[in-house]
file my_file-v2.txt (compact mmCIF, C-alpha atoms)
# COMPACT_ATOMS: atom_id res chain seq x y z
CA MET A 1 150.57 47.55 145.12
CA ALA A 2 149.70 50.57 143.08
CA SER A 3 146.33 50.70 144.78
CA SER A 4 147.83 50.63 148.27
CA LEU A 5 150.30 53.37 147.41
CA TYR A 6 147.44 55.44 145.94
CA ASP A 7 145.44 54.88 149.14
CA LEU A 8 148.29 56.31 151.20
CA SER A 9 148.34 59.45 149.01
CA ILE A 10 144.65 60.19 149.61
CA PRO A 11 144.05 62.63 152.43
CA PRO A 12 142.08 61.19 155.39
CA GLN A 13 139.13 63.53 154.77
CA THR A 14 138.83 62.42 151.13
CA ARG A 15 139.13 58.74 152.09
CA GLN A 16 136.30 59.17 154.62
CA LEU A 17 134.15 60.90 151.98
CA LEU A 18 134.64 58.02 149.53
CA LYS A 19 133.70 55.58 152.25
CA ASP A 20 130.55 57.52 153.15
CA LEU A 21 129.51 57.53 149.47
CA ASN A 22 130.23 53.83 149.03
CA LEU A 23 132.78 54.59 146.30
CA PRO A 24 135.86 52.45 145.68
CA PRO A 25 139.20 53.88 146.82
CA ASP A 26 140.48 54.06 143.20
CA PHE A 27 137.61 56.27 142.05
CA LEU A 28 139.98 59.19 141.55
CA SER A 29 142.73 57.08 139.99
CA SER A 30 143.89 57.81 136.42
CA ASP A 31 143.11 54.19 135.58
CA SER A 32 139.39 54.77 136.16
CA SER A 33 137.19 54.60 133.08
CA LEU A 34 135.25 57.59 134.33
CA SER A 35 138.29 59.83 134.07
CA ASP A 36 139.19 58.87 130.49
CA ALA A 37 138.54 61.47 127.79
CA PRO A 38 136.05 60.42 125.12
CA SER A 39 137.54 58.98 121.96
CA ASP A 40 136.07 61.70 119.65
CA PHE A 41 137.40 64.61 121.66
CA ASP A 42 139.85 65.63 118.92
CA SER A 43 137.59 64.69 116.02
CA ASP A 44 137.29 68.30 114.79
CA ARG A 45 140.71 69.43 115.90
CA ASP A 46 141.82 69.97 112.35
CA ALA A 47 139.13 72.58 112.01
CA LEU A 48 140.73 74.68 114.75
CA ASP A 49 143.97 76.59 114.82
CA ASP A 50 146.65 74.90 116.93
CA PRO A 51 147.13 76.88 120.13
CA PRO A 52 150.55 78.38 120.72
CA SER A 53 152.88 75.93 122.47
CA HIS A 54 153.48 78.30 125.37
CA VAL A 55 149.79 78.61 126.25
CA GLN A 56 148.52 76.13 128.84
CA ILE A 57 144.95 75.05 128.26
CA GLN A 58 142.98 74.31 131.38
CA LEU A 59 139.87 72.20 130.99
CA SER A 60 137.20 72.69 133.58
CA PRO A 61 134.66 69.98 134.31
CA PRO A 62 131.31 70.62 132.54
CA LYS A 63 128.67 72.37 134.53
CA SER A 64 124.90 72.44 134.30
CA PRO A 65 123.63 75.31 132.15
CA CYS A 66 121.56 76.56 135.04
CA LEU A 67 124.69 76.94 137.14
CA VAL A 68 126.88 78.58 134.50
CA PRO A 69 127.28 82.21 135.46
CA GLN A 70 126.50 84.75 132.74
CA PHE A 71 129.70 86.05 131.22
CA THR A 72 130.22 89.73 131.71
CA ASN A 73 133.09 91.84 130.53
CA PRO A 74 133.71 94.77 132.79
CA ASP A 75 135.68 96.52 130.06
CA PRO A 76 133.96 95.79 126.73
CA GLN A 77 136.06 96.31 123.65
CA THR A 78 135.07 96.73 120.04
CA PRO A 79 135.89 93.48 118.23
CA VAL A 80 138.49 93.82 115.53
CA LYS A 81 137.45 92.22 112.26
CA SER A 82 139.91 90.61 109.94
CA THR A 83 140.57 92.77 106.89
CA SER A 84 142.49 90.22 104.84
CA PHE A 85 139.51 89.51 102.56
CA ILE A 86 137.94 92.99 102.45
CA ASN A 87 138.44 94.89 99.21
CA PRO A 88 139.27 98.54 99.77
CA GLU A 89 136.43 100.94 98.82
CA PRO A 90 137.17 103.20 95.87
CA ILE A 91 137.97 106.75 96.79
CA LYS A 92 135.10 109.05 95.85
CA THR A 93 136.10 112.30 94.23
CA PRO A 94 133.99 115.14 95.59
CA GLN A 95 131.84 116.77 92.92
CA ALA A 96 132.39 120.41 92.24
CA LYS A 97 129.53 122.58 93.44
CA PRO A 98 127.95 124.96 90.91
CA LEU A 99 129.10 128.51 91.15
CA LYS A 100 126.71 130.89 92.83
CA HIS A 101 125.78 134.12 91.10
CA SER A 102 126.25 137.30 93.01
CA PRO A 103 122.94 139.00 93.82
CA TYR A 104 124.60 142.35 93.27
CA PHE A 105 125.35 141.94 89.57
CA PRO A 106 122.97 141.05 86.75
CA ARG A 107 123.29 137.56 85.37
CA VAL A 108 124.52 137.00 81.85
CA PRO A 109 121.57 135.92 79.68
CA VAL A 110 121.88 132.22 78.97
CA ASP A 111 119.11 131.90 76.38
CA PRO A 112 119.71 134.21 73.42
CA GLU A 113 116.26 133.42 72.03
CA SER A 114 114.61 134.99 75.08
CA CYS A 115 116.60 138.23 74.75
CA LEU A 116 116.01 141.31 72.63
CA PRO A 117 118.15 144.37 71.94
CA PHE A 118 116.51 147.28 73.76
CA PRO A 119 117.54 150.47 71.96
CA PRO A 120 117.79 153.80 73.76
CA ILE A 121 114.40 155.48 73.84
CA ASP A 122 115.67 158.36 71.72
CA ALA A 123 116.44 155.94 68.85
CA SER A 124 114.28 156.30 65.75
CA SER A 125 113.51 152.58 65.45
CA PHE A 126 113.16 149.58 67.74
CA GLY A 127 114.23 147.15 65.03
CA LEU A 128 111.06 145.19 64.20
CA ILE A 129 110.30 144.22 60.60
CA GLN A 130 106.80 145.62 61.13
CA GLU A 131 108.27 149.12 61.40
CA GLN A 132 109.77 148.74 57.91
CA LEU A 133 106.52 147.41 56.44
CA ALA A 134 104.11 149.75 58.24
CA HIS A 135 103.09 151.46 54.97
CA ASP A 136 102.70 148.14 53.11
CA PRO A 137 100.02 146.30 55.09
CA PHE A 138 99.80 143.32 52.73
CA ARG A 139 103.49 142.53 53.10
CA LEU A 140 103.28 143.15 56.82
CA LEU A 141 100.61 140.43 57.10
CA ILE A 142 102.71 138.06 54.98
CA ALA A 143 105.63 138.74 57.32
CA THR A 144 103.53 137.77 60.35
CA ILE A 145 102.73 134.44 58.69
CA PHE A 146 106.45 133.80 58.29
CA LEU A 147 107.36 134.96 61.79
CA ASN A 148 104.70 132.89 63.53
CA ARG A 149 106.52 130.04 65.38
CA THR A 150 109.80 130.96 63.68
CA ARG A 151 112.68 133.18 64.81
CA GLY A 152 113.25 136.31 62.80
CA GLY A 153 116.85 135.42 62.04
CA VAL A 154 115.62 132.34 60.18
CA ALA A 155 112.39 133.65 58.68
CA LEU A 156 113.36 137.09 57.38
CA PRO A 157 115.99 136.08 54.78
CA VAL A 158 113.45 133.69 53.26
CA LEU A 159 110.73 136.34 53.45
CA PHE A 160 112.76 138.81 51.37
CA GLN A 161 113.44 136.10 48.78
CA VAL A 162 109.69 135.53 48.51
CA PHE A 163 109.06 139.27 48.14
CA GLU A 164 111.61 139.36 45.34
CA ARG A 165 110.03 136.37 43.60
CA TYR A 166 106.46 137.65 44.09
CA PRO A 167 106.74 141.46 44.15
CA THR A 168 103.02 142.27 43.94
CA ILE A 169 99.79 141.06 45.49
CA LYS A 170 98.69 139.77 42.07
CA ALA A 171 101.92 137.80 41.66
CA MET A 172 101.40 136.14 45.04
CA ALA A 173 97.77 135.35 44.22
CA GLU A 174 98.90 133.57 41.03
CA ALA A 175 101.83 131.74 42.64
CA ASN A 176 102.24 128.03 41.94
CA PRO A 177 101.82 126.37 45.37
CA PRO A 178 104.62 123.77 44.90
CA ASP A 179 107.07 126.50 43.92
CA LEU A 180 106.27 128.57 47.00
CA VAL A 181 106.41 125.48 49.21
CA SER A 182 109.90 124.64 47.97
CA MET A 183 111.08 128.18 48.69
CA ILE A 184 109.93 128.14 52.32
CA ASN A 185 110.50 124.47 53.07
CA CYS A 186 113.27 125.26 55.57
CA LEU A 187 110.85 127.15 57.84
CA GLY A 188 108.55 124.24 58.59
CA PHE A 189 104.76 124.30 58.18
CA GLN A 190 105.55 125.13 54.57
CA ASN A 191 102.29 123.78 53.13
CA GLN A 192 100.13 125.75 55.55
CA ARG A 193 102.18 128.92 55.14
CA ALA A 194 102.08 128.74 51.34
CA ARG A 195 98.33 128.15 51.31
CA LYS A 196 97.72 131.09 53.67
CA CYS A 197 99.89 133.45 51.64
CA ILE A 198 98.21 132.61 48.34
CA THR A 199 94.63 132.70 49.64
CA LEU A 200 95.36 135.91 51.54
CA ALA A 201 96.50 137.55 48.30
CA GLN A 202 93.48 136.23 46.37
CA THR A 203 91.02 137.49 48.99
CA TRP A 204 92.81 140.84 49.22
CA LEU A 205 92.35 141.38 45.48
CA SER A 206 88.65 140.54 45.70
CA TYR A 207 87.84 142.20 49.02
CA PRO A 208 90.58 144.65 49.99
CA PRO A 209 90.48 146.13 53.49
CA ASN A 210 88.16 149.10 53.75
CA LYS A 211 87.68 151.45 56.68
CA SER A 212 83.90 151.19 56.31
CA LYS A 213 83.78 147.39 56.31
CA ARG A 214 84.54 145.43 59.45
CA TYR A 215 84.23 141.73 60.25
CA ARG A 216 84.19 139.72 63.41
CA LYS A 217 87.15 137.86 64.87
CA LEU A 218 85.72 135.58 67.50
CA HIS A 219 87.26 136.00 70.98
CA TYR A 220 89.59 138.78 69.86
CA PRO A 221 90.97 140.75 71.60
CA ARG A 222 89.03 139.49 74.62
CA LYS A 223 87.08 136.33 75.22
CA LEU A 224 83.51 136.49 73.83
CA ASP A 225 84.33 139.49 71.62
CA GLY A 226 82.64 139.16 68.22
CA ARG A 227 79.86 136.82 69.34
CA ASN A 228 77.25 139.47 68.62
CA VAL A 229 78.41 139.80 65.01
CA GLY A 230 77.25 137.30 62.39
CA ARG A 231 79.73 134.96 60.73
CA GLU A 232 79.27 136.59 57.31
CA GLU A 233 78.12 139.96 58.59
CA CYS A 234 79.91 143.15 57.57
CA ILE A 235 79.45 146.22 59.76
CA ASP A 236 80.40 149.84 59.19
CA GLU A 237 82.75 152.05 61.16
CA GLU A 238 79.93 153.66 63.13
CA ASP A 239 78.80 150.34 64.64
CA LEU A 240 79.93 150.03 68.26
CA ARG A 241 80.37 146.26 68.13
CA VAL A 242 83.89 144.83 68.15
CA ALA A 243 85.03 144.03 64.62
CA TRP A 244 88.07 144.58 62.39
CA GLU A 245 88.79 145.70 58.84
CA ILE A 246 91.03 142.71 58.01
CA ALA A 247 89.33 139.93 60.01
CA HIS A 248 87.85 138.46 56.79
CA LEU A 249 91.29 137.67 55.37
CA PRO A 250 92.43 134.02 55.66
CA GLY A 251 95.49 133.33 57.79
CA VAL A 252 94.96 136.36 60.04
CA GLY A 253 95.23 135.44 63.71
CA ALA A 254 95.84 137.36 66.92
CA TYR A 255 99.52 138.05 66.17
CA SER A 256 98.71 139.38 62.69
CA LEU A 257 95.86 141.51 64.02
CA ASP A 258 97.99 142.94 66.83
CA SER A 259 100.77 143.83 64.39
CA TRP A 260 98.40 145.38 61.87
CA ARG A 261 96.54 147.39 64.52
CA ILE A 262 99.79 148.79 65.94
CA PHE A 263 101.39 149.77 62.65
CA CYS A 264 98.69 150.08 59.96
CA ARG A 265 95.16 150.72 61.19
CA ASP A 266 95.39 154.46 61.80
CA GLU A 267 96.58 155.01 58.24
CA LEU A 268 93.80 152.84 56.76
CA ARG A 269 91.19 154.78 58.74
CA ARG A 270 92.82 158.06 57.66
CA LYS A 271 93.29 159.11 61.25
CA ALA A 272 97.02 159.79 60.79
CA SER A 273 99.76 159.28 58.25
CA ASP A 274 101.55 156.67 60.36
CA TRP A 275 101.19 154.65 63.57
CA LYS A 276 102.82 157.35 65.68
CA GLY A 277 99.97 159.82 65.16
CA THR A 278 101.81 161.99 62.67
CA ASP A 279 99.50 164.50 60.91
CA ALA A 280 96.53 163.56 63.10
CA THR A 281 93.74 166.12 62.81
CA GLU A 282 91.36 164.98 65.54
CA VAL A 283 91.57 166.73 68.87
CA GLY A 284 92.65 164.28 71.54
CA PHE A 285 93.53 161.61 68.97
CA VAL A 286 94.86 158.39 70.57
CA PRO A 287 97.02 156.19 68.31
CA GLU A 288 95.82 152.62 67.95
CA TRP A 289 99.06 151.17 69.37
CA LYS A 290 98.10 152.54 72.78
CA CYS A 291 95.00 150.33 72.78
CA VAL A 292 96.70 147.00 71.99
CA LEU A 293 97.61 144.35 74.59
CA PRO A 294 99.59 141.85 72.51
CA HIS A 295 100.68 138.39 73.63
CA ASP A 296 103.78 138.27 71.45
CA LYS A 297 106.93 139.05 73.45
CA GLU A 298 108.51 141.24 70.74
CA LEU A 299 105.39 143.34 70.35
CA ARG A 300 105.22 143.68 74.14
CA ALA A 301 108.82 144.82 74.26
CA TYR A 302 108.16 147.30 71.47
CA LEU A 303 105.15 148.83 73.23
CA THR A 304 107.12 148.96 76.49
CA TRP A 305 109.74 150.95 74.62
CA MET A 306 107.13 153.23 73.02
CA TRP A 307 105.50 154.01 76.37
CA LEU A 308 108.89 154.72 77.94
CA LYS A 309 109.45 157.33 75.25
CA GLU A 310 106.55 159.18 76.86
CA GLY A 311 107.80 158.58 80.39
CA TRP A 312 105.50 155.72 81.39
CA ILE A 313 105.97 152.15 82.57
CA TRP A 314 103.31 150.02 80.90
CA ASP A 315 101.68 146.93 82.37
CA TYR A 316 101.18 144.68 79.36
CA ASN A 317 98.55 142.56 81.14
CA THR A 318 96.18 145.39 82.02
CA GLY A 319 97.42 148.42 80.11
CA ASP A 320 97.86 150.35 83.36
CA LEU A 321 100.52 153.04 83.41
CA THR A 322 102.97 154.06 86.14
CA LEU A 323 105.11 157.16 85.97
CA ALA A 324 108.71 156.10 85.34
CA SER A 325 111.29 157.25 87.87
CA ASP A 326 114.36 159.24 86.97
CA LYS A 327 116.52 156.13 87.39
CA MET A 328 114.29 154.17 85.06
CA MET A 329 114.42 156.89 82.45
CA ARG A 330 118.22 157.09 82.68
CA ALA A 331 118.43 153.34 82.15
CA ALA A 332 116.01 153.51 79.21
CA GLN A 333 118.02 156.32 77.64
CA SER A 334 121.11 154.13 77.76
CA GLY A 335 119.42 151.07 76.27
CA GLY A 336 120.82 147.56 76.62
CA VAL A 337 119.51 144.03 76.32
CA ALA A 338 116.03 143.11 77.50
CA ARG A 339 115.28 139.56 78.56
CA GLU A 340 111.98 138.02 79.53
CA GLU A 341 111.94 136.53 83.02
CA GLU A 342 108.74 135.13 84.53
CA GLY A 343 106.62 137.23 82.22
CA ASN A 344 108.51 140.48 82.85
CA TRP A 345 111.07 142.32 80.76
CA VAL A 346 114.39 142.89 82.51
CA LEU A 347 116.62 145.63 81.11
CA GLU A 348 120.20 144.45 81.59
CA THR A 349 121.95 147.68 82.51
CA SER A 350 122.19 147.48 86.33
CA PRO A 351 120.63 145.60 89.28
CA VAL A 352 116.87 145.83 88.72
CA LYS A 353 113.54 145.20 90.39
CA ALA A 354 110.07 144.54 89.00
CA VAL A 355 107.72 147.43 88.30
CA ASN A 356 104.47 146.62 86.47
CA GLY A 357 105.86 144.31 83.84
CA LEU A 358 109.12 146.14 83.26
CA HIS A 359 111.94 146.31 85.79
CA GLU A 360 113.23 149.49 87.35
CA SER A 361 116.85 149.84 88.36
CA ASP A 362 117.65 150.15 92.07

call {"tool": "encode", "arguments": {"input": "my_file-v2.txt", "output": "structure tokens"}}
result
Amino acid sequence: MASSLYDLSIPPQTRQLLKDLNLPPDFLSSDSSLSDAPSDFDSDRDALDDPPSHVQIQLSPPKSPCLVPQFTNPDPQTPVKSTSFINPEPIKTPQAKPLKHSPYFPRVPVDPESCLPFPPIDASSFGLIQEQLAHDPFRLLIATIFLNRTRGGVALPVLFQVFERYPTIKAMAEANPPDLVSMINCLGFQNQRARKCITLAQTWLSYPPNKSKRYRKLHYPRKLDGRNVGREECIDEEDLRVAWEIAHLPGVGAYSLDSWRIFCRDELRRKASDWKGTDATEVGFVPEWKCVLPHDKELRAYLTWMWLKEGWIWDYNTGDLTLASDKMMRAAQSGGVAREEEGNWVLETSPVKAVNGLHESD
């Protein structure tokens, strides 16, 4: 009965199609096994969210992959990701940028050890210990041993204690090495310094510097200097080879020789009564300090200051001279603080520019 009623509900065209395909009339009936859903259809339903009750789900019959049209979205949208499990990123505090220095004002020196007071050029003294010891060459050489690799503020108080303990060359020559080592222990290199001081004094007593006796110092002041003088050879003051009156003393290096030449040599050779050419009798006499090209920064600053007294800017690499401008001389007359920057001395009085090793104000 149900089948006959179902047959009446089938349109004539559909009934004819079933007949042409040799299919039974109940092929499209709900009782057909071909229309039943498979038993495992809902097997993974628990893994899916239940659809809202008001949404009608329409199931289309499966199609062959080759006939499935490619899905295109005419209005693509950026997918929105769930943020329920995303930890918020910590807020980054922007780092403060370093302050820029104005190019129109000199920078404040940041390294006190690289700075020196630069007195006005009309001052009587630059402030070096060598100026105080210029007429006592033995003590001047001892001072250079103490100042080598050590700042003056640390070395000089100890130096004066040593001078008080050993007031003469003979007293230093007879010093007990452990006692001297303990006195200068805070300076470092105490064993080497003590040995140099004692042997220097002993050699000085036996072979004091003499203007008619000169000895070689290999590669001083220039490379290869002294190679034409024998190791034990002593030459007189008339010999044109490069040699020095104190080069035979132990512990005397380039810094000691530079200091002694600047402040003591003219007096030893009886050319003048001091290093400034005072009481010189020779016509056209040139003080020894004008012939020295030291490597020590304090000696360079001192010679820069000495040349400025005469109105010249001095190139400490070559010894060349440039006439100082009026602005440079005004700055030098005021003095200030000199700092070494990339091998040049900068006088901190106003904006400056480099001129042959010193800096001239704009």

call {"tool": "atom_distance", "arguments": {"input": "my_file-v2.txt", "atom1": "atom CA of A:Lys297", "atom2": "atom CA of A:Lys217"}}
result
21.6 Å

call {"tool": "atom_distance", "arguments": {"input": "my_file-v2.txt", "atom1": "atom CA of A:Gly335", "atom2": "atom CA of A:Phe118"}}
result
5.4 Å

call {"tool": "atom_distance", "arguments": {"input": "my_file-v2.txt", "atom1": "atom CA of A:Lys196", "atom2": "atom CA of A:Pro250"}}
result
6.4 Å

call {"tool": "residues_around", "arguments": {"input": "my_file-v2.txt", "residues": "stretch 163-175 of chain A", "least_positions_apart": "5", "cutoff": "9 Å", "atoms": "all atoms listed in the file", "output": "list in words"}}
result
Phe138, Arg139, Val158, Leu180, Cys197, Ile198, Thr199, Leu200, Ala201, Gln202, Thr203, Trp204 and Leu205 of chain A

call {"tool": "closest_residue", "arguments": {"input": "my_file-v2.txt", "among": "A:Gly253, A:Gly127, A:Gly277, A:Gly336", "to": "A:Asp296", "atoms": "all atoms listed in the file"}}
result
A:Gly253

call {"tool": "residues_around", "arguments": {"input": "my_file-v2.txt", "residues": "A:Asp236", "least_positions_apart": "4", "cutoff": "9 Å", "atoms": "all atoms listed in the file", "output": "list of chain:residue names"}}
result
A:Lys211, A:Ser212, A:Lys213, A:Arg214

call {"tool": "closest_residue", "arguments": {"input": "my_file-v2.txt", "among": "A:Thr304, A:Thr144, A:Ser273, A:Thr281", "to": "A:Ala324", "atoms": "all atoms listed in the file"}}
result
A:Thr304
